[in-house]
Every structure is written in structure tokens, then in C-alpha cells.
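Chemist: Got a structure for you, questions after.
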Amino acid sequence: MKKILTGIALASAVWALPSSAADISIGAAFPLSGPNAEYGQVFSSGADLAVQHINADKKLSGKLTMVYEDSQALPAQGVIAANKLVNVSKTPFVLSAFTGVSKAIAPVGLRTKTVMVNGGGVGPDLANLGEYFWNTIPLVDFEVRIIAPYLVKEKGFKKVALVYVDDPFGQSILKELEVELKKAGGELVGSFSIPTTAQQFSGVAARVRDIKPDAVYVATYGNQQVQLVKQLRDNGISQPIASYSAVVLPSMLNLPEAKGLIYTSQQVDWNKGDAMTKRVREDYNAKFNKDPSMYVLNYYNAVMTFADLAAALEKAGKPVTGENLLAQRKATKTFEFVGGTVSFEENGTVKSPIQINEMVGDGTSKTITAAK
Amino acid sequence: MLFVQLLANGLQTGALYALIAAGFSLIFGMTRIFHAAHGATFTIAGFIFYELFAILHWALPIAAIASAAAAGLFGVLLDRFVYAIIQRHEGSFFTVFVASFGAAIVVQNLISIFFGKGMVTVTTPLSKSIEVMPSLFIAPISGIIILCAIVAFLILQWLLTRTNLGIALRALGENPNLIEVYGLTPRRLSQYVFLIGSILVVPAAILTSATSGLNPSMGNHVMLISIAATIVGGVGSLRGAAVAGMLLGLAENLCLAVIDPQWSEAVTFVILFLFILFRPGGVYGRAIVS
């Protein structure tokens, strides 16, 4: 019996040993369940593709792996996920998503000197969460600054109504849209906040119809935004609907009621012609039979940024820690992202041009205004 | 006109809530099992219908029957192989609740695996509103929802009051020990309750797939409505569940005439709170003493 127990103990010890001393893991606190789980699927497809490319190219001395934890897109769950990734899995680099979750987990990164990178949340507050919090996605204030003058000046929609989710992200959209519409010569004629759990919007549609806006801006996310757009259209809202980059979900792109929806997104130049852009597009298409969305690219770029920084640290003989990753990022002027060369601003947010798109209604969208 | 529009919306939402709550109320009232997986039954019915009707293009009646069969089977199997076993060994209310809650999570994850995590909708012109009067928009599906609710409750009322099975089921809700004296088996009757209760949720699931769409995690919202309507209507009272569902739907919509949409869901809980405080037995039920 003693021998068996000793054998089991030895086997467990050997099993627990890392396969290579230089193997490294990075984490991701994504919504893997709940009403926003579809985002988790999209985000992880980008991160996984980057890991696959990094390992195939042997960019790092060891094997890179992703460790996923479920944030459920909820701040409290996000903090649990981040703590587990930092303290148990010991990841020096954690991918984050959603404004509320990102704001909640940023102090964990700051306290433990772990880099947290957001590629999905767009609340303007995310630019000011400390130097360990980076964004590989331009924040929504940039998007609103582009779409407000487009709606008012180019399309002549001076009276805009807003339906927004009642959370930190929604509040920031309300503030931005109010200011930017005024600047462009338009007006926010009505704003209707909805709880994050709401699913019935026929009453909201009645209130929106009642104020007779020229256009309706919707600012929510996940399954709720799909339900909202469908029910607005079903309940007699015929005015143009505008939104921001989070609407690019397969379920929204395939929704017949979303046809004609105008939305902003960061620019991606598929014709850039560089090897990385071509490879990502081809490999993603081979696996999913469609072009990668901006979210896929944001998380692909985030993981690639990690690999570039970690490779530089390894070359310099420095350990891959959050502190060294931050120093290395500050020392690197530009990064090659899919579809463009970008730089990080002082606050850790990437600068990227914004374009305006329109949903076609068949699972695709088209660019209607070039990036500014 | 806004008030009339909100009233029309409230009637549609209320009828849907009544249909959703009826099954849960029946199961809880007759068996005293807190069937937390009732929301999962709704999700299964909705997704099966979506797959058969919208993807495989089966005829609507066949897709609806298959959806009802799946929902009924799920309810009966859960009762037979989970609740019955737990009750045989221990029977604690809380253990059964946890098992039911666990089953709901398993179903949610299985649906995510098989159908994806996104939103799916059944596209039909019936969900598109028509301007019947200036500024009054009503969708044909609203009438269908209200009609379905009326038909479902009439059938259920007939079943419970005019058939031997219905009388036995009501007796089960009154005193499960006493019915054994009459040669009836509470466990067998319990399976009938789960079958009927689970099938009752099918019309609501099918109609929801066309009005607001389906997603794997929508069972939580279904449960919320079911619990609120059961308590407000009175445990075990189907008439109560119908009235409470209608009351909650109307309140949720009519309140929008005066308050921001953000608070409309809170209205449901204010009503619930007031009932618990001043009329714990609900509209038609009686207070439960454990």
C-alpha cells in the first residue's frame, strides 16, 4: 500500500512539473456563460488564433497557452476570475472585456503589477485605469465624435433619441452623445435607460415613437441589443438606427430587422497587403468560413502585443513580468496590428481611425464612410 | 395615445407572462416542488421549435408538437429520475431545489453547446406591428398570444375541474398522503403534473421566439416572472397565476407613461413586495404555513 501511495505521489509530482521551464500562460476573463457569452466565443477565437500563430512561429522560447476564466460580463465575477488568473495561474498578462468588468479588475492589475488588456469594452473611463491597464480598442468617445456629426450634418438627422443600458458604459454614452450632438448642431431629444436584464422593449418603443426622433441611437450589448433592435423595428420604429462597434455580433448581422443599421468601428485595412493581415484573414476564414470581426482582431492584436513584448524581454534576458512588459511597451514606439500600424497613447489606449458602416442584413456589413 | 399603446403592449406582455407562470404555478401548487428548471423547459421548447421550424423548415404544427414533446419529456424525466430519487432518500425541499437549479444550469450549457450562445429569432410577418390608428401600433401576434392564453387556461380549467385526472391532481395538491387511501399513487400523479406543467410553457416559448427571440440564458428571466406571478396570484391557483401574469405585464408597461424604462422591472418587485406584506396568500391563494 505504501509503495502504491509513494508511486502516486511521485507520478503526481512529475505530472505537475512544467513541460518546459520557459512555457508561459496568459489569462483571459471573458464572459463564457450568461447573456453575453456570445462575445466570449468571438473574443476567444481571436486570442486562440494568435496563440496558434505564436506557437507555430516559435516566437517565444517556450509554449504559450491561454487560461480562460468566466467573468459572465459581471464586475463581481470578473474580479473573482482576475484574482484566480493572477494568484493561482500566475499569469503576468490578462485579457479583459466589458467596461464594468474592466473597471472592476483594473485595481487587481495595478496592485499585483499584472498587465490587463481590454479589447472589447469601450467606456471612455477605461483610458484612465492606471498604467497596467491597456486598451487595444479605441474607446466609444472616439466613435461618438465621428457618428454624431455624420448623423446631423451629412444625413440631416437633427433630433436623435438614445436607448442605453443603465451601467457605467451606458452613462458615458449618454454624456458623450449629448455633448457631441450639440456640437454638431443637433439635439438629444430623449434618452431612455434600460436595466441590463430587460428583455421586453415594446413599451420603450412606444416612448421613443412618441417623441418622433429623426434617428435612434442604441447603446447596449450582447443579446439585449439584438432583442432591442428587433423589438424597436417590430413595434413601428422606422427611423434609422445607429450604434457603436459592439453591434458586430453574428446574431445581429444575421437579424433581418438590423438591415440598414449604421454603426462605427475602428478601421481595418484588409488591403494592407502585409503577411500578418493576410494570414489572419485566411486562417480565420478557413476555420470559421467568414472574415474576422474587429473584436477578433482586437484580441488577436492584444495577444500578439504580448508575444512581441515577451520576445523582446527574452532577447534582453529579462523575465516576463507585468512590470517588464509595461516598461517594454513604453520603449516600443509602434506595433504592427492586423490591418494597420498603431501606437499606444500615454494612457495605454491605441489610436486608431474610425469608420462608419452599414449592416446589409445578410450577415455582412459595408463601409459607408472612410476612416477619419 | 401613449397610454392606449402601453395598455395594448401590457395586455400582450401580461398574456405571455400568464402563459409562462401557469406551468410553474401548477407544478409548485400540486407537488410543492420548487421547479427551478421550469425556465430550462421553456428554453428547450423554444430552441427545439426554432431548430425544427426556422432551420429545418418543418411544418408549424409538427414543429410545435415536437417542441411540446421535448418539453414534456424533460419535465417527466426530471421528476422521475431526479426529484423522485431525492425525495425517496431525503425529501428535503432545499435539496430538491438545488438539484433543480443544477439541472437548469446543465440545460443552459447544453443549449449553448448545441445552438450557440447568441440570440436566435423566428422571423415572421406576424410580429410586425401595424398602425391600426394614428400612433397606435399593434402586431397580429399580440392577438395570437392573448388567444393562446385564453385557450390554454380554459383547457386547463376544464381538465382540473371536469376530469378524474384533474380532481386527483387537485387532491394531490391538498393532501398527498390522503389520496393513497383512495388507491392513487402520488408519484404517478406527480409525473402527470410535470407533463402538463411543462407542456403549458410551450405556447409562450414558441411565441417568444418570434417576438423577442431566444437565448440560452433566458430561463432565468422566465423563472423570475414565474415566481413573482405564482406568489402574487396565490400558490396553486391557476386563475391567480393568470391574473397575476396579466397584472405584472400591465404594470410593467403602463408605468412607462410616468417613469423611466429603467425602473419598469422594479415595478414587478414592488407589486411582489406589497403582496408579501399585505396579502401573503396572493390574489386567490391562501397563506402557506410550513
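Labeling convention for the C-alpha cells: chains A, B, ... as they appear, residues from 1 per chain, ligands from 1 in order of appearance.
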With only C-alpha atoms as the counted atoms, please give the residues lying no more than 8 Å from Val303 in chain A, apart from itself and same-chain residues fewer than 4 positions off, as a list in words.

Modeler: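 Here the qualifying residues turn out to be Ala47, Ala50, Val51, Tyr299 and Ala307 of chain A.
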
Chemist: Take the selection from the previous step and output its residues with C-alpha atoms, as a PDB file, in the first residue's frame.

Modeler:
```
ATOM      1  CA  ALA A  47      -6.922  35.117 -28.840  1.00  0.00           C
ATOM      2  CA  ALA A  50      -2.890  34.420 -32.075  1.00  0.00           C
ATOM      3  CA  VAL A  51      -1.639  31.732 -29.669  1.00  0.00           C
ATOM      4  CA  TYR A 299      -7.816  40.167 -29.099  1.00  0.00           C
ATOM      5  CA  ALA A 307       4.261  37.999 -27.728  1.00  0.00           C
TER       6      ALA A 307
END
```

Chemist: Using only C-alpha atoms, which chain B residues lie at most 9 Å away from chain A, written as a count of residues only?

Modeler: 47

Chemist: Determine, counting only C-alpha atoms, which protein, DNA and RNA residues have an atom within 12 Å of an atom of range 186-188 of chain B; residues of the same chain fewer than 3 positions away are not included. Present the result as an MDAnalysis selection string.

Modeler: chainID B and resid 30:31 76 79:81 83:85 87:88 165 168:183 191:195

Chemist: Select, from B:Leu77, B:Ala204, B:Ala99, B:Cys255, the residue with the minimum atom-to-atom distance to Val270 in chain B, counting only C-alpha atoms.

Modeler: B:Cys255

Chemist: Just the strand (DSSP E) stuff from range 21-202 of chain B, please, per backbone DSSP, written as a PDB file with N, CA, C and O atoms, in the first residue's frame.

Modeler:
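For reference, out.pdb as written:
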```
ATOM      1  N   ILE B 130     -48.699  46.885 -36.966  1.00  0.00           N
ATOM      2  CA  ILE B 130     -49.429  47.628 -37.995  1.00  0.00           C
ATOM      3  C   ILE B 130     -50.055  48.841 -37.306  1.00  0.00           C
ATOM      4  O   ILE B 130     -50.561  48.725 -36.179  1.00  0.00           O
ATOM      5  N   GLU B 131     -50.038  49.978 -37.983  1.00  0.00           N
ATOM      6  CA  GLU B 131     -50.625  51.186 -37.387  1.00  0.00           C
ATOM      7  C   GLU B 131     -52.147  51.103 -37.555  1.00  0.00           C
ATOM      8  O   GLU B 131     -52.684  51.461 -38.602  1.00  0.00           O
ATOM      9  N   VAL B 132     -52.828  50.643 -36.517  1.00  0.00           N
ATOM     10  CA  VAL B 132     -54.285  50.457 -36.612  1.00  0.00           C
ATOM     11  C   VAL B 132     -55.040  51.774 -36.461  1.00  0.00           C
ATOM     12  O   VAL B 132     -56.145  51.932 -36.970  1.00  0.00           O
ATOM     13  N   MET B 133     -54.442  52.700 -35.743  1.00  0.00           N
ATOM     14  CA  MET B 133     -54.970  54.064 -35.588  1.00  0.00           C
ATOM     15  C   MET B 133     -53.752  54.976 -35.548  1.00  0.00           C
ATOM     16  O   MET B 133     -52.652  54.487 -35.330  1.00  0.00           O
ATOM     17  N   LEU B 136     -51.020  54.285 -32.945  1.00  0.00           N
ATOM     18  CA  LEU B 136     -51.308  53.042 -32.209  1.00  0.00           C
ATOM     19  C   LEU B 136     -50.895  51.854 -33.080  1.00  0.00           C
ATOM     20  O   LEU B 136     -51.523  51.574 -34.094  1.00  0.00           O
ATOM     21  N   PHE B 137     -49.832  51.191 -32.647  1.00  0.00           N
ATOM     22  CA  PHE B 137     -49.271  50.074 -33.407  1.00  0.00           C
ATOM     23  C   PHE B 137     -49.559  48.763 -32.689  1.00  0.00           C
ATOM     24  O   PHE B 137     -49.245  48.619 -31.507  1.00  0.00           O
ATOM     25  N   ILE B 138     -50.137  47.827 -33.410  1.00  0.00           N
ATOM     26  CA  ILE B 138     -50.401  46.514 -32.807  1.00  0.00           C
ATOM     27  C   ILE B 138     -49.976  45.424 -33.790  1.00  0.00           C
ATOM     28  O   ILE B 138     -50.279  45.501 -34.991  1.00  0.00           O
TER      29      ILE B 138
END
```

Chemist: Could you check the closest approach to Phe273 in chain B for each of B:Ala69, B:Ile62, B:Ile231, B:Leu19 and tell me which residue wins, using only C-alpha atoms?

Modeler: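 Checking each of B:Ala69, B:Ile62, B:Ile231, B:Leu19 against Phe273 in chain B, counting only C-alpha atoms, the winner is B:Ile231.
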
Chemist: Write out as a PyMOL selection string the residues lying within 8 Å of Gly233 in chain B, counting only C-alpha atoms and excluding same-chain residues fewer than 5 positions away.

Modeler: chain B and resi 238-245+282-285

Chemist: Could you pull out all residues of range 145-362 of chain A with a DSSP call of alpha helix (DSSP H) and give them as a count of residues only?

Modeler: 94

Chemist: With a distance cut-off of 9 Å and only C-alpha atoms, select the neighbouring residues of Lys366 in chain A, excluding the residue or stretch itself and same-chain residues fewer than 5 positions from it, and output the selection as a PyMOL selection string.

Modeler: chain A and resi 356-360

Chemist: Could you tell me how far CA of Ala205 in chain B lies from CA of Leu156 in chain B, in Å and to one decimal?

Modeler: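 One can read the CA of Ala205 in chain B to CA of Leu156 in chain B distance as 17.8 Å.
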
Chemist: Which residues come within 10 Å of Asn135 in chain A, counting only C-alpha atoms, excluding same-chain residues fewer than 4 positions away, as number ranges by chain?

Modeler: A: 95-97, 116-122, 126-127, 139, 298, 302, 344-345, 347-351

Chemist: Can you write just those residues out, N, CA, C and O atoms, as a short mmCIF file (atom, residue, chain, number, x, y, z; two decimals), in the first residue's frame?

Modeler:
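This is the output file part_39.cif:
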```cif
data_model
loop_
_atom_site.label_atom_id
_atom_site.label_comp_id
_atom_site.auth_asym_id
_atom_site.auth_seq_id
_atom_site.Cartn_x
_atom_site.Cartn_y
_atom_site.Cartn_z
N LEU A 95 -6.29 39.22 -20.37
CA LEU A 95 -7.20 39.88 -21.30
C LEU A 95 -8.52 40.16 -20.59
O LEU A 95 -9.01 39.32 -19.84
N SER A 96 -9.05 41.34 -20.84
CA SER A 96 -10.29 41.73 -20.19
C SER A 96 -11.30 42.17 -21.24
O SER A 96 -10.95 42.40 -22.40
N ALA A 97 -12.55 42.29 -20.83
CA ALA A 97 -13.61 42.76 -21.74
C ALA A 97 -14.73 43.35 -20.91
O ALA A 97 -14.87 43.02 -19.74
N MET A 116 -3.27 44.25 -17.73
CA MET A 116 -4.64 43.87 -18.10
C MET A 116 -4.94 44.56 -19.43
O MET A 116 -4.75 45.78 -19.54
N VAL A 117 -5.36 43.81 -20.41
CA VAL A 117 -5.60 44.39 -21.73
C VAL A 117 -7.04 44.18 -22.17
O VAL A 117 -7.51 43.05 -22.25
N ASN A 118 -7.69 45.28 -22.46
CA ASN A 118 -9.09 45.22 -22.90
C ASN A 118 -9.16 45.38 -24.42
O ASN A 118 -8.53 46.27 -24.99
N GLY A 119 -9.93 44.52 -25.05
CA GLY A 119 -10.12 44.63 -26.49
C GLY A 119 -11.59 44.68 -26.86
O GLY A 119 -11.95 44.59 -28.03
N GLY A 120 -12.46 44.79 -25.84
CA GLY A 120 -13.89 44.74 -26.12
C GLY A 120 -14.71 45.85 -25.48
O GLY A 120 -15.64 46.36 -26.09
N GLY A 121 -14.35 46.26 -24.26
CA GLY A 121 -15.10 47.33 -23.59
C GLY A 121 -14.71 48.67 -24.19
O GLY A 121 -13.56 48.87 -24.60
N VAL A 122 -15.68 49.60 -24.27
CA VAL A 122 -15.37 50.87 -24.93
C VAL A 122 -15.73 52.10 -24.10
O VAL A 122 -15.73 53.22 -24.61
N LEU A 126 -12.20 53.82 -19.41
CA LEU A 126 -11.17 52.77 -19.49
C LEU A 126 -9.80 53.33 -19.85
O LEU A 126 -8.79 52.64 -19.74
N ALA A 127 -9.77 54.58 -20.29
CA ALA A 127 -8.48 55.19 -20.64
C ALA A 127 -7.72 55.63 -19.38
O ALA A 127 -6.54 55.95 -19.45
N LEU A 139 -11.79 53.82 -27.76
CA LEU A 139 -12.94 53.89 -26.86
C LEU A 139 -14.11 54.64 -27.50
O LEU A 139 -13.94 55.32 -28.51
N ASN A 298 -8.99 42.61 -32.34
CA ASN A 298 -8.50 43.29 -31.13
C ASN A 298 -7.81 42.31 -30.18
O ASN A 298 -6.78 42.63 -29.59
N ALA A 302 -4.00 41.94 -29.22
CA ALA A 302 -3.59 42.01 -27.81
C ALA A 302 -2.60 40.89 -27.48
O ALA A 302 -1.57 41.12 -26.84
N PHE A 344 0.51 53.16 -28.97
CA PHE A 344 -0.27 53.34 -27.74
C PHE A 344 -0.09 54.78 -27.26
O PHE A 344 1.01 55.32 -27.31
N GLU A 345 -1.19 55.38 -26.81
CA GLU A 345 -1.08 56.71 -26.21
C GLU A 345 -0.49 56.56 -24.81
O GLU A 345 -0.37 55.46 -24.29
N ASN A 347 -1.79 56.97 -22.05
CA ASN A 347 -2.70 56.30 -21.11
C ASN A 347 -2.92 54.81 -21.42
O ASN A 347 -3.75 54.16 -20.81
N GLY A 348 -2.19 54.29 -22.42
CA GLY A 348 -2.28 52.86 -22.70
C GLY A 348 -3.37 52.47 -23.68
O GLY A 348 -3.69 51.29 -23.83
N THR A 349 -3.96 53.45 -24.36
CA THR A 349 -5.03 53.15 -25.33
C THR A 349 -4.51 53.35 -26.75
O THR A 349 -3.81 54.34 -27.01
N VAL A 350 -4.87 52.43 -27.64
CA VAL A 350 -4.36 52.57 -29.02
C VAL A 350 -5.11 53.69 -29.75
O VAL A 350 -6.28 53.96 -29.49
N LYS A 351 -4.39 54.32 -30.65
CA LYS A 351 -5.01 55.32 -31.51
C LYS A 351 -5.36 54.61 -32.81
O LYS A 351 -4.52 53.93 -33.38
#
```

Chemist: Quote the spacing between CA of Thr114 in chain A and CA of Leu325 in chain A in Å to one decimal place.

Modeler: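 Between these atoms lies a distance of 9.0 Å.
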